[in-house]
file my_file-v6.tsv (TSV, C-alpha atoms)
chain	number	residue	atom	x	y	z
L	1	MET	CA	-1.65	-1.27	-17.31
L	2	LEU	CA	-3.76	-1.27	-14.18
L	3	THR	CA	-5.66	1.73	-12.92
L	4	LYS	CA	-5.22	2.83	-9.31
L	5	ASP	CA	-8.54	1.19	-8.49
L	6	GLN	CA	-7.37	-2.09	-10.01
L	7	ILE	CA	-4.16	-1.95	-7.96
L	8	ALA	CA	-6.32	-1.56	-4.85
L	9	GLN	CA	-8.60	-4.39	-6.00
L	10	ARG	CA	-5.62	-6.73	-6.40
L	11	ILE	CA	-4.27	-5.82	-2.97
L	12	ALA	CA	-7.69	-6.51	-1.44
L	13	LYS	CA	-7.06	-10.20	-2.22
L	14	GLU	CA	-4.22	-10.12	0.33
L	15	VAL	CA	-6.59	-9.19	3.16
L	16	LYS	CA	-7.65	-12.15	5.30
L	17	ASP	CA	-10.71	-12.69	7.48
L	18	GLY	CA	-10.25	-11.20	10.94
L	19	TYR	CA	-7.42	-8.85	9.96
L	20	TYR	CA	-6.86	-5.42	11.48
L	21	VAL	CA	-5.58	-3.28	8.61
L	22	ASN	CA	-4.06	0.20	8.40
L	23	LEU	CA	-4.48	2.02	5.10
L	24	GLY	CA	-1.99	4.69	4.08
L	25	ILE	CA	-2.74	7.81	2.03
L	26	GLY	CA	-3.42	7.57	-1.72
L	27	ILE	CA	-4.06	4.28	-3.52
L	28	PRO	CA	-4.24	2.28	-0.23
L	29	THR	CA	-7.42	4.10	0.83
L	30	LEU	CA	-9.19	2.53	-2.16
L	31	VAL	CA	-8.63	-1.01	-0.84
L	32	ALA	CA	-11.62	-0.68	1.52
L	33	ASN	CA	-13.90	-0.51	-1.53
L	34	TYR	CA	-12.91	-3.99	-2.74
L	35	ILE	CA	-12.98	-6.27	0.28
L	36	PRO	CA	-14.72	-9.52	-0.78
L	37	GLU	CA	-18.10	-10.39	0.74
L	38	GLY	CA	-17.90	-12.69	3.74
L	39	ILE	CA	-14.58	-11.22	4.91
L	40	ASP	CA	-14.66	-9.48	8.30
L	41	VAL	CA	-11.97	-6.78	8.39
L	42	GLU	CA	-11.35	-3.84	10.71
L	43	PHE	CA	-9.70	-0.83	9.09
L	44	GLN	CA	-7.68	1.39	11.41
L	45	SER	CA	-6.54	4.98	10.86
L	46	GLU	CA	-3.81	6.52	12.99
L	47	ASN	CA	-5.84	9.66	13.68
L	48	GLY	CA	-8.03	7.48	15.92
L	49	VAL	CA	-10.61	5.45	13.99
L	50	LEU	CA	-11.26	1.72	14.03
L	51	GLY	CA	-13.97	0.35	11.76
L	52	MET	CA	-13.70	2.46	8.61
L	53	GLY	CA	-15.92	1.59	5.66
L	54	PRO	CA	-15.78	2.50	1.95
L	55	PHE	CA	-15.53	6.08	0.75
L	56	PRO	CA	-18.86	7.96	0.97
L	57	PHE	CA	-20.84	8.73	-2.16
L	58	GLU	CA	-20.87	12.35	-3.30
L	59	GLY	CA	-23.33	14.27	-1.16
L	60	ASP	CA	-23.13	11.82	1.74
L	61	GLU	CA	-19.82	13.10	3.15
L	62	ASP	CA	-19.55	14.07	6.82
L	63	PRO	CA	-16.70	16.60	7.21
L	64	ASP	CA	-16.24	15.54	10.84
L	65	VAL	CA	-15.48	11.92	9.95
L	66	ILE	CA	-12.08	11.74	8.25
L	67	ASN	CA	-9.04	9.49	7.95
L	68	ALA	CA	-5.41	10.42	8.61
L	69	GLY	CA	-5.18	11.98	5.15
L	70	LYS	CA	-8.12	14.27	5.94
L	71	GLN	CA	-10.35	12.45	3.45
L	72	THR	CA	-14.00	11.96	4.41
L	73	ILE	CA	-14.81	8.33	5.22
L	74	THR	CA	-17.69	6.14	6.29
L	75	THR	CA	-17.76	3.95	9.38
L	76	LEU	CA	-19.25	0.50	9.87
L	77	PRO	CA	-21.55	-0.59	12.71
L	78	GLY	CA	-19.48	-0.93	15.88
L	79	ALA	CA	-16.82	1.55	14.78
L	80	SER	CA	-14.98	3.44	17.52
L	81	PHE	CA	-13.14	6.75	17.83
L	82	PHE	CA	-10.26	7.46	20.20
L	83	ASP	CA	-7.23	9.70	20.65
L	84	SER	CA	-4.14	9.35	18.49
L	85	ALA	CA	-2.07	8.17	21.48
L	86	THR	CA	-4.29	5.09	21.76
L	87	SER	CA	-4.13	4.63	18.00
L	88	PHE	CA	-0.34	4.69	17.95
L	89	GLY	CA	-0.34	2.34	20.92
L	90	MET	CA	-2.19	-0.16	18.72
L	91	ILE	CA	0.40	0.33	15.97
L	92	ARG	CA	3.50	0.20	18.18
L	93	GLY	CA	2.08	-2.74	20.09
L	94	GLN	CA	1.86	-4.68	16.79
L	95	HIS	CA	-1.90	-5.12	16.97
L	96	VAL	CA	-2.26	-4.30	13.26
L	97	ASP	CA	-2.03	-7.40	11.03
L	98	LEU	CA	-1.47	-5.69	7.68
L	99	THR	CA	-0.27	-2.23	6.68
L	100	ILE	CA	-0.86	-0.98	3.13
L	101	LEU	CA	1.17	2.07	2.16
L	102	GLY	CA	1.90	4.21	-0.85
L	103	ALA	CA	5.49	4.92	-1.83
L	104	MET	CA	7.69	7.08	-4.02
L	105	GLU	CA	10.42	4.46	-4.13
L	106	VAL	CA	10.98	0.88	-2.95
L	107	ALA	CA	14.36	-0.86	-3.00
L	108	GLU	CA	15.07	-4.53	-3.65
L	109	ASN	CA	16.01	-5.07	0.02
L	110	GLY	CA	12.60	-3.79	1.20
L	111	ASP	CA	13.57	-0.18	1.99
L	112	ILE	CA	10.78	2.34	1.46
L	113	ALA	CA	10.82	6.08	0.77
L	114	ASN	CA	7.37	7.64	0.95
L	115	TRP	CA	7.44	10.88	2.87
L	116	LYS	CA	9.82	13.49	1.46
L	117	ILE	CA	11.28	14.84	-1.76
L	118	PRO	CA	14.13	17.22	-0.89
L	119	GLY	CA	13.36	20.81	-1.85
L	120	LYS	CA	9.61	20.29	-2.00
L	121	MET	CA	7.01	21.16	0.62
L	122	VAL	CA	5.50	18.17	2.40
L	123	LYS	CA	2.84	17.91	5.09
L	124	GLY	CA	5.13	15.87	7.33
L	125	MET	CA	5.98	12.33	8.28
L	126	GLY	CA	2.58	11.54	9.79
L	127	GLY	CA	2.38	7.99	11.10
L	128	ALA	CA	4.46	6.38	8.35
L	129	MET	CA	7.63	5.83	10.37
L	130	ASP	CA	5.74	4.25	13.27
L	131	LEU	CA	3.87	2.01	10.86
L	132	VAL	CA	6.94	0.71	9.05
L	133	ALA	CA	8.87	0.24	12.30
L	134	SER	CA	6.11	-1.78	13.96
L	135	ALA	CA	4.30	-3.67	11.20
L	136	GLU	CA	5.39	-7.19	10.26
L	137	ASN	CA	3.40	-7.31	7.01
L	138	ILE	CA	3.69	-4.27	4.73
L	139	ILE	CA	2.32	-4.19	1.20
L	140	VAL	CA	3.05	-1.17	-0.99
L	141	ALA	CA	0.62	0.17	-3.58
L	142	MET	CA	2.42	2.43	-6.03
L	143	MET	CA	3.08	3.31	-9.64
L	144	HIS	CA	5.94	1.37	-11.21
L	145	VAL	CA	7.39	4.37	-13.06
L	146	ASN	CA	7.25	8.15	-12.61
L	147	LYS	CA	5.83	10.67	-15.08
L	148	ALA	CA	9.11	10.63	-16.99
L	149	GLY	CA	8.90	6.85	-17.38
L	150	GLU	CA	11.73	6.23	-14.89
L	151	SER	CA	11.58	3.22	-12.58
L	152	LYS	CA	10.53	3.68	-8.95
L	153	ILE	CA	11.41	0.03	-8.23
L	154	LEU	CA	15.10	0.40	-7.49
L	155	LYS	CA	18.28	-1.32	-6.40
L	156	ARG	CA	18.67	1.41	-3.77
L	157	CYS	CA	16.33	4.24	-2.83
L	158	THR	CA	17.55	7.74	-3.70
L	159	LEU	CA	15.06	9.65	-1.52
L	160	PRO	CA	15.13	9.94	2.30
L	161	LEU	CA	14.06	6.61	3.78
L	162	THR	CA	10.93	6.01	5.81
L	163	GLY	CA	11.85	2.47	6.78
L	164	VAL	CA	14.61	-0.09	6.21
L	165	GLY	CA	14.06	-3.65	5.01
L	166	CYS	CA	10.37	-3.66	5.93
L	167	VAL	CA	8.36	-4.08	2.71
L	168	LYS	CA	7.11	-7.60	1.93
L	169	LYS	CA	5.23	-7.11	-1.33
L	170	VAL	CA	4.65	-4.40	-3.97
L	171	VAL	CA	1.69	-4.07	-6.33
L	172	THR	CA	2.02	-1.63	-9.24
L	173	GLU	CA	0.21	-0.91	-12.50
L	174	LEU	CA	2.50	-3.49	-14.13
L	175	ALA	CA	3.20	-6.27	-11.65
L	176	VAL	CA	3.07	-7.95	-8.26
L	177	LEU	CA	6.54	-8.20	-6.74
L	178	GLU	CA	7.68	-10.04	-3.62
L	179	VAL	CA	10.69	-8.82	-1.65
L	180	THR	CA	12.97	-11.79	-0.99
L	181	PRO	CA	16.49	-12.07	0.54
L	182	ASN	CA	17.76	-12.18	-3.06
L	183	GLY	CA	15.76	-9.19	-4.35
L	184	PHE	CA	12.44	-8.65	-6.11
L	185	LYS	CA	10.68	-11.78	-7.34
L	186	LEU	CA	8.12	-11.29	-10.10
L	187	LEU	CA	4.91	-13.06	-9.03
L	188	GLU	CA	2.26	-11.73	-11.42
L	189	ARG	CA	1.94	-9.37	-14.36
L	190	ALA	CA	-0.87	-7.03	-15.29
L	191	PRO	CA	-3.21	-8.27	-18.03
L	192	GLY	CA	-1.72	-7.55	-21.44
L	193	ILE	CA	1.71	-6.69	-20.01
L	194	THR	CA	4.66	-8.94	-20.87
L	195	THR	CA	7.45	-10.01	-18.58
L	196	GLU	CA	9.88	-8.22	-20.90
L	197	GLN	CA	7.99	-4.93	-20.49
L	198	ILE	CA	8.16	-5.24	-16.71
L	199	ILE	CA	11.91	-5.97	-16.78
L	200	ALA	CA	12.49	-2.98	-19.07
L	201	SER	CA	10.56	-0.71	-16.66
L	202	THR	CA	12.43	-1.88	-13.57
L	203	GLU	CA	15.83	-0.57	-12.48
L	204	ALA	CA	16.28	-3.37	-9.93
L	205	GLU	CA	17.06	-6.89	-11.04
L	206	LEU	CA	14.02	-9.17	-11.09
L	207	ILE	CA	13.93	-12.83	-10.22
L	208	VAL	CA	11.81	-14.49	-12.91
L	209	THR	CA	10.98	-18.17	-12.63
L	210	GLY	CA	8.96	-19.95	-15.31
L	211	ASP	CA	5.85	-18.47	-16.92
L	212	ILE	CA	4.52	-15.50	-14.96
L	213	PRO	CA	0.71	-15.59	-14.61
L	214	GLU	CA	-1.56	-12.63	-15.20
L	215	MET	CA	-3.22	-11.02	-12.20
L	216	THR	CA	-6.77	-11.99	-11.39
L	217	PHE	CA	-9.30	-9.89	-9.50
call {"tool": "encode", "arguments": {"input": "my_file-v6.tsv", "output": "structure tokens"}}
result
Amino acid sequence: MLTKDQIAQRIAKEVKDGYYVNLGIGIPTLVANYIPEGIDVEFQSENGVLGMGPFPFEGDEDPDVINAGKQTITTLPGASFFDSATSFGMIRGQHVDLTILGAMEVAENGDIANWKIPGKMVKGMGGAMDLVASAENIIVAMMHVNKAGESKILKRCTLPLTGVGCVKKVVTELAVLEVTPNGFKLLERAPGITTEQIIASTEAELIVTGDIPEMTF
């Protein structure tokens, strides 16, 4: 099974030259560490940063330079800072080419639940609802199963929804899945993981066509 860093590394292959990309909290923040050389990408954070770089090394953190998840970040030459109203204007105006989010659940029709578990304290919605309502290309980085081994890739989400029918692709520790009009299509499997293992770990029905290749990084 993939580590969280390997999930981020696989998603980094989806980033194209010239993209403006918003990274959600959790695994998505790691994607900035794996952008291939020669690719020019601008990472945006809804708290008002454009031009984020990789995470700082220990000892190099600046507590005044943070992302929307309050994690310390680095910035690249030419980076800019602005108010959150301007930042959300970029998001709502569809000026972000790719949004990478974490999730607690994703349904086979592209619904996403990533902000609340009833009965548990949460920090709040943040920018997630604006991001899923405005973005045309959403990739989810998440774990395939929970700590009890239960699938988080579902026929229907059981938690309060963040967005409806918006997710395009999901990358987990087991597989790469594409959301199609007919449900989840299995595109790739993690090295050493069989198609049968992925099917057994998935509550939703999977579309499996031919031999499924292993992920490459």
call {"tool": "closest_atom_pairs", "arguments": {"input": "my_file-v6.tsv", "of": "range 31-79 of chain L", "to": "range 90-114 of chain L", "cutoff": "12 Å", "atoms": "all atoms listed in the file", "output": "CSV"}}
result
residue,atom,partner,partner_atom,distance
L:Val31,CA,L:Ile100,CA,8.7
L:Ala32,CA,L:Ile100,CA,10.9
L:Val41,CA,L:Asp97,CA,10.3
L:Glu42,CA,L:Val96,CA,9.5
L:Phe43,CA,L:Val96,CA,9.2
L:Gln44,CA,L:Val96,CA,8.1
L:Ser45,CA,L:Ile91,CA,9.8
L:Glu46,CA,L:Ile91,CA,8.1
L:Asn47,CA,L:Ile91,CA,11.5
L:Gly48,CA,L:Met90,CA,10.0
L:Val49,CA,L:Met90,CA,11.2
L:Leu50,CA,L:Met90,CA,10.4
call {"tool": "write_last_selection", "arguments": {"input": "my_file-v6.tsv", "atoms": "C-alpha atoms", "output": "mmCIF file, in the coordinates of the input"}}
result
data_model
loop_
_atom_site.group_PDB
_atom_site.id
_atom_site.type_symbol
_atom_site.label_atom_id
_atom_site.label_comp_id
_atom_site.auth_asym_id
_atom_site.auth_seq_id
_atom_site.Cartn_x
_atom_site.Cartn_y
_atom_site.Cartn_z
ATOM 1 C CA VAL L 31 -8.630 -1.010 -0.840
ATOM 2 C CA ALA L 32 -11.620 -0.680 1.520
ATOM 3 C CA VAL L 41 -11.970 -6.780 8.390
ATOM 4 C CA GLU L 42 -11.350 -3.840 10.710
ATOM 5 C CA PHE L 43 -9.700 -0.830 9.090
ATOM 6 C CA GLN L 44 -7.680 1.390 11.410
ATOM 7 C CA SER L 45 -6.540 4.980 10.860
ATOM 8 C CA GLU L 46 -3.810 6.520 12.990
ATOM 9 C CA ASN L 47 -5.840 9.660 13.680
ATOM 10 C CA GLY L 48 -8.030 7.480 15.920
ATOM 11 C CA VAL L 49 -10.610 5.450 13.990
ATOM 12 C CA LEU L 50 -11.260 1.720 14.030
#
call {"tool": "closest_residue", "arguments": {"input": "my_file-v6.tsv", "among": "L:Val179, L:Met1, L:Cys157, L:Ile39", "to": "Lys16 in chain L", "atoms": "only C-alpha atoms"}}
result
L:Ile39
call {"tool": "closest_atom_pairs", "arguments": {"input": "my_file-v6.tsv", "of": "range 123-181 of chain L", "to": "range 72-89 of chain L", "cutoff": "10 Å", "atoms": "only C-alpha atoms", "output": "JSON lines"}}
result
{"residue": "L:Gly127", "atom": "CA", "partner": "L:Phe88", "partner_atom": "CA", "distance": 8.1}
{"residue": "L:Asp130", "atom": "CA", "partner": "L:Phe88", "partner_atom": "CA", "distance": 7.7}
{"residue": "L:Leu131", "atom": "CA", "partner": "L:Phe88", "partner_atom": "CA", "distance": 8.7}
{"residue": "L:Ser134", "atom": "CA", "partner": "L:Phe88", "partner_atom": "CA", "distance": 10.0}
call {"tool": "atom_distance", "arguments": {"input": "my_file-v6.tsv", "atom1": "CA of Ile117 in chain L", "atom2": "CA of Ser151 in chain L"}}
result
15.9 Å
call {"tool": "closest_residue", "arguments": {"input": "my_file-v6.tsv", "among": "L:Pro36, L:Gly18, L:Gly163, L:Pro54", "to": "Phe217 in chain L", "atoms": "all atoms listed in the file"}}
result
L:Pro36
call {"tool": "closest_residue", "arguments": {"input": "my_file-v6.tsv", "among": "L:Asp64, L:Val164, L:Ala190, L:Lys155", "to": "Glu205 in chain L", "atoms": "only C-alpha atoms"}}
result
L:Lys155
call {"tool": "closest_residue", "arguments": {"input": "my_file-v6.tsv", "among": "L:Pro28, L:Tyr19, L:Asn33, L:Glu203", "to": "Ile139 in chain L", "atoms": "all atoms listed in the file"}}
result
L:Pro28
call {"tool": "axis_aligned_box", "arguments": {"input": "my_file-v6.tsv", "around": "range 92-102 of chain L", "padding_each_side": "5 Å", "output": "AutoDock Vina command-line options"}}
result
--center_x 0.6 --center_y -1.6 --center_z 9.6 --size_x 15.8 --size_y 21.6 --size_z 30.9
call {"tool": "residues_around", "arguments": {"input": "my_file-v6.tsv", "residues": "Asn146 in chain L", "least_positions_apart": "2", "cutoff": "12 Å", "atoms": "all atoms listed in the file", "output": "NGL selection string"}}
result
:L and (103-105 or 142-144 or 148-153 or 172-173 or 201-202)
call {"tool": "atom_distance", "arguments": {"input": "my_file-v6.tsv", "atom1": "CA of Ala8 in chain L", "atom2": "CA of Tyr34 in chain L"}}
result
7.3 Å
call {"tool": "atom_distance", "arguments": {"input": "my_file-v6.tsv", "atom1": "CA of Lys169 in chain L", "atom2": "CA of Glu196 in chain L"}}
result
20.1 Å
call {"tool": "closest_residue", "arguments": {"input": "my_file-v6.tsv", "among": "L:Arg156, L:Asp5, L:Asp62, L:Glu14", "to": "Val176 in chain L", "atoms": "all atoms listed in the file"}}
result
L:Glu14
call {"tool": "closest_residue", "arguments": {"input": "my_file-v6.tsv", "among": "L:Asn137, L:Thr216, L:Asn22, L:Thr158", "to": "Ala175 in chain L", "atoms": "all atoms listed in the file"}}
result
L:Thr216
